[in-house]
Amino acid sequence: MKSLLACSMIVTFWLGSLARADPKVSAAAAEIDALLARDWAAHNLTPNASADDSVFVRRIYLDVVGRIPTTREAEEFLASREEGRRPALIDKLLDSEGYVQNYFHYWADVLRVQSKGQRTGPAYVHFVKDALRTNKPYDLFVREMIAGAGKAWSDGAIGYYTRDRGMPLDNMASTVRVFLGTRIECAQCHNHPFDKWTQKQFYEMAAFTFGVEVRDFGGGLAGGISDLVRDQGMAIRTTFKQPERPKDMTDVADRLAYWAEVDKVGRARRAAEEALHQAEQLYNQALSESRGIPRYPKVTFDEKRKVTLP
């Protein structure tokens with residue numbers, strides 16, 4: 001991520017010597033210069049003269065760290081006579097926390113990062129800042145968000161999905177806009193009126209991530225007990241299902257047998273639920289000194305969850 005920015009800075013503030021620049025960056029900058037020179041020649045354009053050091057130092061601070069240099073920073077740079085002082089300053093600023101903070105604001109806007117009102121907010125913020133700080137490759141940065149799964153404390157990238165919890169279609173529309181550079185949200189309700197996207201294509205795209213599920217994961221002993229009670233309750237509802245109603249209820253014997261089975265299943269289910277309720281009360285009594293149950297979001301993928309056209 002930093003290499004692309006460094007390349008653009010060197011091209012923008014070219015001075016003629018790249019002695020201290022990364023050779024790959026220098027080569028890329030030279031290639032961009034050649035492309036620009038050909039375009040200028042084709043349109044009979046004369047490029048402006050190179051910015052002097054006083055202009056350069058102000059612009060580079062604004063571009064990389066989002067502020068003008070202090071008096072001391074400007075004086076130190078202007079007093080330097082080193083041949084590679086411009087690339088050296090670019091590298092210095094790219095390695096600073098100022099760069100991380102400045103470009104975090106950009107990515108926070110693009111990714112709609114929220115740090116308040118969400119338990120995964122701080123972890124997501126840390127993930128984005130750490131990607132900038134460590135110069136994480138862009139493709140890996142995106143892949144970790146799109147394929148993110150697990151719990152917030154082990155994978156802050158899941159904030160990309162918890163940000164749009166309960167809104168998988170909105171999340172997918174944002175993914176296409178941010179990473180594919182097009183907007184297809186209009187096709188959610190109908191074929192796009194101005195573009196080529198159909199409603200069917202929208203839902204075909206949504207199917208890729210529709211299986212993403214965000215749910216709370218309980219932390220600590222109290223959270224574990226709460227999750228256990230919840231899972232047992234789901235097991236009871238799955239085990240004691242209502243018997244299937246016969247299509248033909250005209251025969252008295254069939255009706256009596258059906259309602260007898262309904263009553264039997266109902267009594268068994270109520271007994272199981274009552275036993276679970278009593279157990280939960282005992283759990284809560286034993287943990288009466290605890291002050292609330294910490295909850296943490298967890299992202300999983302359910303392949304069986306299907307999206308359908310409205």
# chains A, B, ... in the order shown; residues from 1 in each chain; ligands from 1

call {"tool": "closest_atom_pairs", "arguments": {"of": "region 260-287 of chain A", "to": "region 232-241 of chain A", "cutoff": "9 Å", "atoms": "only C-alpha atoms", "output": "CSV"}}
result
residue,atom,partner,partner_atom,distance
A:Val265,CA,A:Phe240,CA,6.0
A:Gly266,CA,A:Phe240,CA,7.5
A:Ala268,CA,A:Phe240,CA,7.3
A:Arg269,CA,A:Phe240,CA,5.7
A:Ala272,CA,A:Ile236,CA,7.0
A:Glu273,CA,A:Gly233,CA,7.2
A:Leu276,CA,A:Gly233,CA,7.5

call {"tool": "atom_distance", "arguments": {"atom1": "CA of Leu132 (chain A)", "atom2": "CA of Val65 (chain A)"}}
result
12.5 Å

call {"tool": "residues_around", "arguments": {"residues": "Val125 (chain A)", "least_positions_apart": "6", "cutoff": "12 Å", "atoms": "only C-alpha atoms", "output": "short mmCIF file (atom, residue, chain, number, x, y, z; two decimals) with N, CA, C and O atoms, in the first residue's frame"}}
result
data_model
loop_
_atom_site.label_atom_id
_atom_site.label_comp_id
_atom_site.auth_asym_id
_atom_site.auth_seq_id
_atom_site.Cartn_x
_atom_site.Cartn_y
_atom_site.Cartn_z
N VAL A 100 -0.19 6.81 9.29
CA VAL A 100 -1.21 5.84 9.70
C VAL A 100 -2.52 6.55 10.04
O VAL A 100 -3.60 6.17 9.58
N GLN A 101 -2.43 7.61 10.84
CA GLN A 101 -3.63 8.33 11.26
C GLN A 101 -4.31 9.01 10.07
O GLN A 101 -5.53 8.98 9.93
N PHE A 104 -5.76 6.38 7.74
CA PHE A 104 -6.86 5.68 8.41
C PHE A 104 -8.16 6.45 8.22
O PHE A 104 -9.22 5.86 8.00
N HIS A 105 -8.10 7.77 8.30
CA HIS A 105 -9.30 8.58 8.10
C HIS A 105 -9.89 8.33 6.71
O HIS A 105 -11.11 8.24 6.54
N TRP A 107 -9.50 5.51 4.81
CA TRP A 107 -10.06 4.16 4.74
C TRP A 107 -11.27 4.00 5.66
O TRP A 107 -12.19 3.23 5.35
N ALA A 108 -11.27 4.71 6.76
CA ALA A 108 -12.44 4.64 7.64
C ALA A 108 -13.67 5.19 6.93
O ALA A 108 -14.79 4.70 7.12
N ASP A 109 -13.47 6.19 6.10
CA ASP A 109 -14.58 6.75 5.32
C ASP A 109 -15.02 5.77 4.23
O ASP A 109 -16.21 5.53 4.04
N LEU A 111 -14.58 2.47 4.09
CA LEU A 111 -15.12 1.23 4.64
C LEU A 111 -16.25 1.46 5.64
O LEU A 111 -16.80 0.51 6.18
N ARG A 112 -16.56 2.74 5.91
CA ARG A 112 -17.63 3.10 6.86
C ARG A 112 -17.36 2.49 8.24
O ARG A 112 -18.23 1.90 8.87
N VAL A 113 -16.12 2.63 8.69
CA VAL A 113 -15.73 2.07 9.98
C VAL A 113 -16.46 2.80 11.10
O VAL A 113 -16.56 4.03 11.10
N GLN A 114 -16.98 2.04 12.04
CA GLN A 114 -17.63 2.60 13.23
C GLN A 114 -16.89 2.13 14.47
O GLN A 114 -16.68 0.94 14.65
N SER A 115 -16.49 3.07 15.30
CA SER A 115 -15.78 2.70 16.52
C SER A 115 -16.68 2.79 17.75
O SER A 115 -16.32 2.33 18.82
N LYS A 116 -17.86 3.38 17.59
CA LYS A 116 -18.78 3.52 18.71
C LYS A 116 -20.03 2.69 18.46
O LYS A 116 -20.47 2.53 17.33
N GLN A 118 -20.46 -0.43 18.72
CA GLN A 118 -20.24 -1.80 18.27
C GLN A 118 -19.10 -2.41 19.07
O GLN A 118 -18.06 -1.77 19.28
N ARG A 119 -19.29 -3.64 19.50
CA ARG A 119 -18.25 -4.30 20.30
C ARG A 119 -17.01 -4.61 19.46
O ARG A 119 -15.92 -4.74 19.99
N ALA A 131 -2.87 -2.55 9.29
CA ALA A 131 -2.60 -2.82 7.87
C ALA A 131 -1.79 -1.68 7.26
O ALA A 131 -0.88 -1.91 6.46
N LEU A 132 -2.11 -0.45 7.62
CA LEU A 132 -1.36 0.70 7.13
C LEU A 132 0.03 0.74 7.74
O LEU A 132 1.03 1.01 7.05
N ALA A 152 -13.87 -11.28 17.41
CA ALA A 152 -13.25 -9.97 17.25
C ALA A 152 -11.84 -9.93 17.81
O ALA A 152 -10.96 -9.29 17.23
N ASP A 155 -9.59 -11.73 15.22
CA ASP A 155 -9.65 -11.29 13.83
C ASP A 155 -10.48 -10.02 13.73
O ASP A 155 -11.70 -10.07 13.56
N GLY A 156 -9.82 -8.88 13.85
CA GLY A 156 -10.53 -7.61 13.79
C GLY A 156 -11.18 -7.34 12.45
O GLY A 156 -12.08 -6.50 12.34
N ALA A 157 -10.75 -8.08 11.41
CA ALA A 157 -11.32 -7.88 10.07
C ALA A 157 -12.79 -8.22 10.00
O ALA A 157 -13.48 -7.79 9.08
N ILE A 158 -13.32 -9.00 10.97
CA ILE A 158 -14.75 -9.34 10.93
C ILE A 158 -15.61 -8.10 11.12
O ILE A 158 -16.81 -8.13 10.86
N GLY A 159 -14.99 -6.99 11.54
CA GLY A 159 -15.73 -5.75 11.65
C GLY A 159 -16.34 -5.32 10.33
O GLY A 159 -17.32 -4.57 10.30
N TYR A 160 -15.78 -5.82 9.22
CA TYR A 160 -16.34 -5.50 7.91
C TYR A 160 -17.77 -6.02 7.78
O TYR A 160 -18.61 -5.39 7.13
N ARG A 163 -20.19 -4.55 10.89
CA ARG A 163 -20.62 -3.18 10.59
C ARG A 163 -22.02 -3.15 9.99
O ARG A 163 -22.80 -2.23 10.23
#

call {"tool": "residues_around", "arguments": {"residues": "Gln199 (chain A)", "least_positions_apart": "3", "cutoff": "10 Å", "atoms": "only C-alpha atoms", "output": "VMD selection string"}}
result
chain A and resid 184 to 192 202 to 205 309 to 310

call {"tool": "select_by_dssp", "arguments": {"residues": "region 7-215 of chain A", "states": "helix (DSSP H, G or I)", "output": "PyMOL selection string"}}
result
chain A and resi 7-12+23-42+53-65+71-79+85-94+97-111+121-133+138-146+156-162+168-180+185-188+199-206

call {"tool": "residues_around", "arguments": {"residues": "Arg133 (chain A)", "least_positions_apart": "4", "cutoff": "10 Å", "atoms": "only C-alpha atoms", "output": "NGL selection string"}}
result
:A and (1-2 or 94-97 or 99-101 or 104 or 127-129)

call {"tool": "write_last_selection", "arguments": {"atoms": "C-alpha atoms", "output": "CSV table (one decimal), in the first residue's frame"}}
result
chain,number,residue,atom,x,y,z
A,1,MET,CA,0.0,0.0,0.0
A,2,LYS,CA,2.8,2.4,0.8
A,94,LEU,CA,5.4,6.9,5.3
A,95,ASP,CA,7.0,5.2,8.3
A,96,SER,CA,5.4,7.6,10.8
A,97,GLU,CA,2.2,7.4,12.8
A,99,TYR,CA,0.8,8.6,7.9
A,100,VAL,CA,-1.2,5.8,9.7
A,101,GLN,CA,-3.6,8.3,11.3
A,104,PHE,CA,-6.9,5.7,8.4
A,127,PHE,CA,-7.0,-4.0,12.0
A,128,VAL,CA,-7.2,-1.1,9.5
A,129,LYS,CA,-4.5,0.9,11.3

call {"tool": "select_by_dssp", "arguments": {"residues": "region 112-283 of chain A", "states": "strand (DSSP E)", "output": "ChimeraX atom specification"}}
result
/A:150-151,212-218

call {"tool": "write_last_selection", "arguments": {"atoms": "N, CA and C atoms", "output": "PDB file, in the first residue's frame"}}
result
ATOM      1  N   GLY A 150     -14.652 -15.636  12.556  1.00  0.00           N
ATOM      2  CA  GLY A 150     -14.110 -15.851  13.894  1.00  0.00           C
ATOM      3  C   GLY A 150     -14.597 -14.800  14.868  1.00  0.00           C
ATOM      4  N   LYS A 151     -13.799 -14.558  15.889  1.00  0.00           N
ATOM      5  CA  LYS A 151     -14.168 -13.629  16.950  1.00  0.00           C
ATOM      6  C   LYS A 151     -13.326 -12.362  16.863  1.00  0.00           C
ATOM      7  N   VAL A 212     -23.062 -15.416   5.412  1.00  0.00           N
ATOM      8  CA  VAL A 212     -22.349 -14.848   6.558  1.00  0.00           C
ATOM      9  C   VAL A 212     -23.347 -14.562   7.681  1.00  0.00           C
ATOM     10  N   GLU A 213     -23.037 -15.030   8.867  1.00  0.00           N
ATOM     11  CA  GLU A 213     -23.898 -14.810  10.020  1.00  0.00           C
ATOM     12  C   GLU A 213     -23.101 -14.144  11.136  1.00  0.00           C
ATOM     13  N   VAL A 214     -23.713 -13.177  11.766  1.00  0.00           N
ATOM     14  CA  VAL A 214     -23.103 -12.492  12.902  1.00  0.00           C
ATOM     15  C   VAL A 214     -23.982 -12.743  14.118  1.00  0.00           C
ATOM     16  N   ARG A 215     -23.407 -13.333  15.139  1.00  0.00           N
ATOM     17  CA  ARG A 215     -24.168 -13.548  16.362  1.00  0.00           C
ATOM     18  C   ARG A 215     -23.264 -13.316  17.559  1.00  0.00           C
ATOM     19  N   ASP A 216     -23.879 -13.102  18.701  1.00  0.00           N
ATOM     20  CA  ASP A 216     -23.115 -12.831  19.907  1.00  0.00           C
ATOM     21  C   ASP A 216     -22.556 -14.110  20.498  1.00  0.00           C
ATOM     22  N   PHE A 217     -21.343 -13.993  20.975  1.00  0.00           N
ATOM     23  CA  PHE A 217     -20.685 -15.100  21.657  1.00  0.00           C
ATOM     24  C   PHE A 217     -20.450 -14.673  23.093  1.00  0.00           C
ATOM     25  N   GLY A 218     -20.914 -15.488  24.037  1.00  0.00           N
ATOM     26  CA  GLY A 218     -20.780 -15.128  25.445  1.00  0.00           C
ATOM     27  C   GLY A 218     -19.367 -15.326  25.942  1.00  0.00           C
TER      28      GLY A 218
END

call {"tool": "atom_distance", "arguments": {"atom1": "CA of Glu274 (chain A)", "atom2": "CA of Val229 (chain A)"}}
result
12.1 Å

call {"tool": "residues_around", "arguments": {"residues": "Arg143 (chain A)", "least_positions_apart": "4", "cutoff": "12 Å", "atoms": "only C-alpha atoms", "output": "mmCIF file with N, CA, C and O atoms, in the first residue's frame"}}
result
data_model
loop_
_atom_site.group_PDB
_atom_site.id
_atom_site.type_symbol
_atom_site.label_atom_id
_atom_site.label_comp_id
_atom_site.auth_asym_id
_atom_site.auth_seq_id
_atom_site.Cartn_x
_atom_site.Cartn_y
_atom_site.Cartn_z
ATOM 1 N N LYS A 136 0.676 -3.666 4.752
ATOM 2 C CA LYS A 136 0.063 -4.919 4.297
ATOM 3 C C LYS A 136 -0.323 -4.800 2.825
ATOM 4 O O LYS A 136 -0.906 -3.794 2.413
ATOM 5 N N PRO A 137 -0.018 -5.799 2.000
ATOM 6 C CA PRO A 137 -0.418 -5.745 0.586
ATOM 7 C C PRO A 137 -1.928 -5.542 0.448
ATOM 8 O O PRO A 137 -2.712 -6.109 1.208
ATOM 9 N N TYR A 138 -2.304 -4.749 -0.537
ATOM 10 C CA TYR A 138 -3.715 -4.391 -0.696
ATOM 11 C C TYR A 138 -4.595 -5.616 -0.909
ATOM 12 O O TYR A 138 -5.688 -5.711 -0.341
ATOM 13 N N ASP A 139 -4.130 -6.570 -1.727
ATOM 14 C CA ASP A 139 -4.966 -7.745 -1.990
ATOM 15 C C ASP A 139 -5.193 -8.552 -0.715
ATOM 16 O O ASP A 139 -6.298 -9.068 -0.483
ATOM 17 N N ALA A 147 -13.119 -12.412 3.510
ATOM 18 C CA ALA A 147 -13.145 -13.799 3.993
ATOM 19 C C ALA A 147 -13.048 -13.871 5.511
ATOM 20 O O ALA A 147 -12.780 -14.937 6.064
ATOM 21 N N GLY A 148 -13.270 -12.756 6.193
ATOM 22 C CA GLY A 148 -13.125 -12.718 7.645
ATOM 23 C C GLY A 148 -14.115 -13.629 8.356
ATOM 24 O O GLY A 148 -15.275 -13.734 7.974
ATOM 25 N N ALA A 149 -13.644 -14.305 9.385
ATOM 26 C CA ALA A 149 -14.500 -15.177 10.201
ATOM 27 C C ALA A 149 -13.838 -15.352 11.558
ATOM 28 O O ALA A 149 -12.627 -15.219 11.694
ATOM 29 N N ALA A 157 -10.753 -8.085 11.405
ATOM 30 C CA ALA A 157 -11.315 -7.879 10.072
ATOM 31 C C ALA A 157 -12.794 -8.222 10.001
ATOM 32 O O ALA A 157 -13.484 -7.786 9.077
ATOM 33 N N ILE A 158 -13.320 -8.998 10.971
ATOM 34 C CA ILE A 158 -14.745 -9.336 10.926
ATOM 35 C C ILE A 158 -15.607 -8.098 11.115
ATOM 36 O O ILE A 158 -16.812 -8.128 10.863
ATOM 37 N N TYR A 160 -15.777 -5.822 9.218
ATOM 38 C CA TYR A 160 -16.338 -5.495 7.906
ATOM 39 C C TYR A 160 -17.770 -6.020 7.784
ATOM 40 O O TYR A 160 -18.613 -5.393 7.131
ATOM 41 N N THR A 175 -19.685 -3.673 -0.876
ATOM 42 C CA THR A 175 -18.500 -4.389 -1.350
ATOM 43 C C THR A 175 -18.268 -4.134 -2.832
ATOM 44 O O THR A 175 -17.143 -3.863 -3.269
ATOM 45 N N PHE A 179 -14.919 -2.108 -3.879
ATOM 46 C CA PHE A 179 -13.834 -2.915 -4.433
ATOM 47 C C PHE A 179 -13.963 -3.211 -5.923
ATOM 48 O O PHE A 179 -12.981 -3.601 -6.553
#

call {"tool": "decode", "arguments": {"residues": "region 56-80 of chain A", "atoms": "N, CA and C atoms", "output": "JSON list (two decimals), in the first residue's frame"}}
result
[["chain", "number", "residue", "atom", "x", "y", "z"],
["A", 56, "PHE", "N", 7.79, 21.87, -1.94],
["A", 56, "PHE", "CA", 7.76, 20.41, -1.79],
["A", 56, "PHE", "C", 7.50, 19.99, -0.35],
["A", 57, "VAL", "N", 8.23, 20.59, 0.60],
["A", 57, "VAL", "CA", 8.12, 20.14, 1.99],
["A", 57, "VAL", "C", 6.72, 20.41, 2.53],
["A", 58, "ARG", "N", 6.10, 21.49, 2.12],
["A", 58, "ARG", "CA", 4.73, 21.77, 2.57],
["A", 58, "ARG", "C", 3.75, 20.75, 1.97],
["A", 59, "ARG", "N", 3.89, 20.52, 0.67],
["A", 59, "ARG", "CA", 2.95, 19.62, 0.00],
["A", 59, "ARG", "C", 3.09, 18.18, 0.48],
["A", 60, "ILE", "N", 4.33, 17.73, 0.69],
["A", 60, "ILE", "CA", 4.52, 16.33, 1.05],
["A", 60, "ILE", "C", 3.99, 16.04, 2.44],
["A", 61, "TYR", "N", 4.12, 16.99, 3.35],
["A", 61, "TYR", "CA", 3.55, 16.81, 4.69],
["A", 61, "TYR", "C", 2.03, 16.76, 4.61],
["A", 62, "LEU", "N", 1.44, 17.64, 3.82],
["A", 62, "LEU", "CA", -0.02, 17.65, 3.68],
["A", 62, "LEU", "C", -0.50, 16.34, 3.06],
["A", 63, "ASP", "N", 0.20, 15.86, 2.04],
["A", 63, "ASP", "CA", -0.24, 14.66, 1.34],
["A", 63, "ASP", "C", -0.09, 13.40, 2.18],
["A", 64, "VAL", "N", 1.00, 13.28, 2.92],
["A", 64, "VAL", "CA", 1.28, 12.03, 3.62],
["A", 64, "VAL", "C", 0.71, 12.01, 5.03],
["A", 65, "VAL", "N", 0.93, 13.06, 5.79],
["A", 65, "VAL", "CA", 0.50, 13.04, 7.20],
["A", 65, "VAL", "C", -0.66, 13.99, 7.46],
["A", 66, "GLY", "N", -1.11, 14.71, 6.44],
["A", 66, "GLY", "CA", -2.32, 15.52, 6.59],
["A", 66, "GLY", "C", -2.15, 16.83, 7.31],
["A", 67, "ARG", "N", -0.94, 17.34, 7.40],
["A", 67, "ARG", "CA", -0.71, 18.63, 8.06],
["A", 67, "ARG", "C", 0.51, 19.30, 7.44],
["A", 68, "ILE", "N", 0.67, 20.59, 7.69],
["A", 68, "ILE", "CA", 1.86, 21.28, 7.23],
["A", 68, "ILE", "C", 3.01, 20.98, 8.19],
["A", 69, "PRO", "N", 4.24, 21.11, 7.75],
["A", 69, "PRO", "CA", 5.37, 20.83, 8.65],
["A", 69, "PRO", "C", 5.50, 21.91, 9.72],
["A", 70, "THR", "N", 6.06, 21.52, 10.84],
["A", 70, "THR", "CA", 6.37, 22.53, 11.86],
["A", 70, "THR", "C", 7.53, 23.38, 11.36],
["A", 71, "THR", "N", 7.76, 24.47, 12.05],
["A", 71, "THR", "CA", 8.88, 25.35, 11.66],
["A", 71, "THR", "C", 10.20, 24.59, 11.69],
["A", 72, "ARG", "N", 10.40, 23.80, 12.74],
["A", 72, "ARG", "CA", 11.65, 23.05, 12.87],
["A", 72, "ARG", "C", 11.77, 22.01, 11.76],
["A", 73, "GLU", "N", 10.69, 21.30, 11.45],
["A", 73, "GLU", "CA", 10.72, 20.29, 10.39],
["A", 73, "GLU", "C", 11.05, 20.91, 9.04],
["A", 74, "ALA", "N", 10.43, 22.06, 8.76],
["A", 74, "ALA", "CA", 10.69, 22.73, 7.49],
["A", 74, "ALA", "C", 12.13, 23.23, 7.42],
["A", 75, "GLU", "N", 12.62, 23.82, 8.50],
["A", 75, "GLU", "CA", 13.98, 24.35, 8.50],
["A", 75, "GLU", "C", 15.01, 23.24, 8.35],
["A", 76, "GLU", "N", 14.79, 22.10, 9.01],
["A", 76, "GLU", "CA", 15.73, 20.99, 8.90],
["A", 76, "GLU", "C", 15.81, 20.48, 7.47],
["A", 77, "PHE", "N", 14.67, 20.38, 6.81],
["A", 77, "PHE", "CA", 14.68, 19.89, 5.44],
["A", 77, "PHE", "C", 15.33, 20.90, 4.50],
["A", 78, "LEU", "N", 14.98, 22.18, 4.65],
["A", 78, "LEU", "CA", 15.52, 23.20, 3.76],
["A", 78, "LEU", "C", 17.02, 23.40, 3.96],
["A", 79, "ALA", "N", 17.51, 23.08, 5.16],
["A", 79, "ALA", "CA", 18.95, 23.23, 5.42],
["A", 79, "ALA", "C", 19.75, 22.05, 4.87],
["A", 80, "SER", "N", 19.08, 20.94, 4.57],
["A", 80, "SER", "CA", 19.78, 19.75, 4.09],
["A", 80, "SER", "C", 20.24, 19.95, 2.65]]
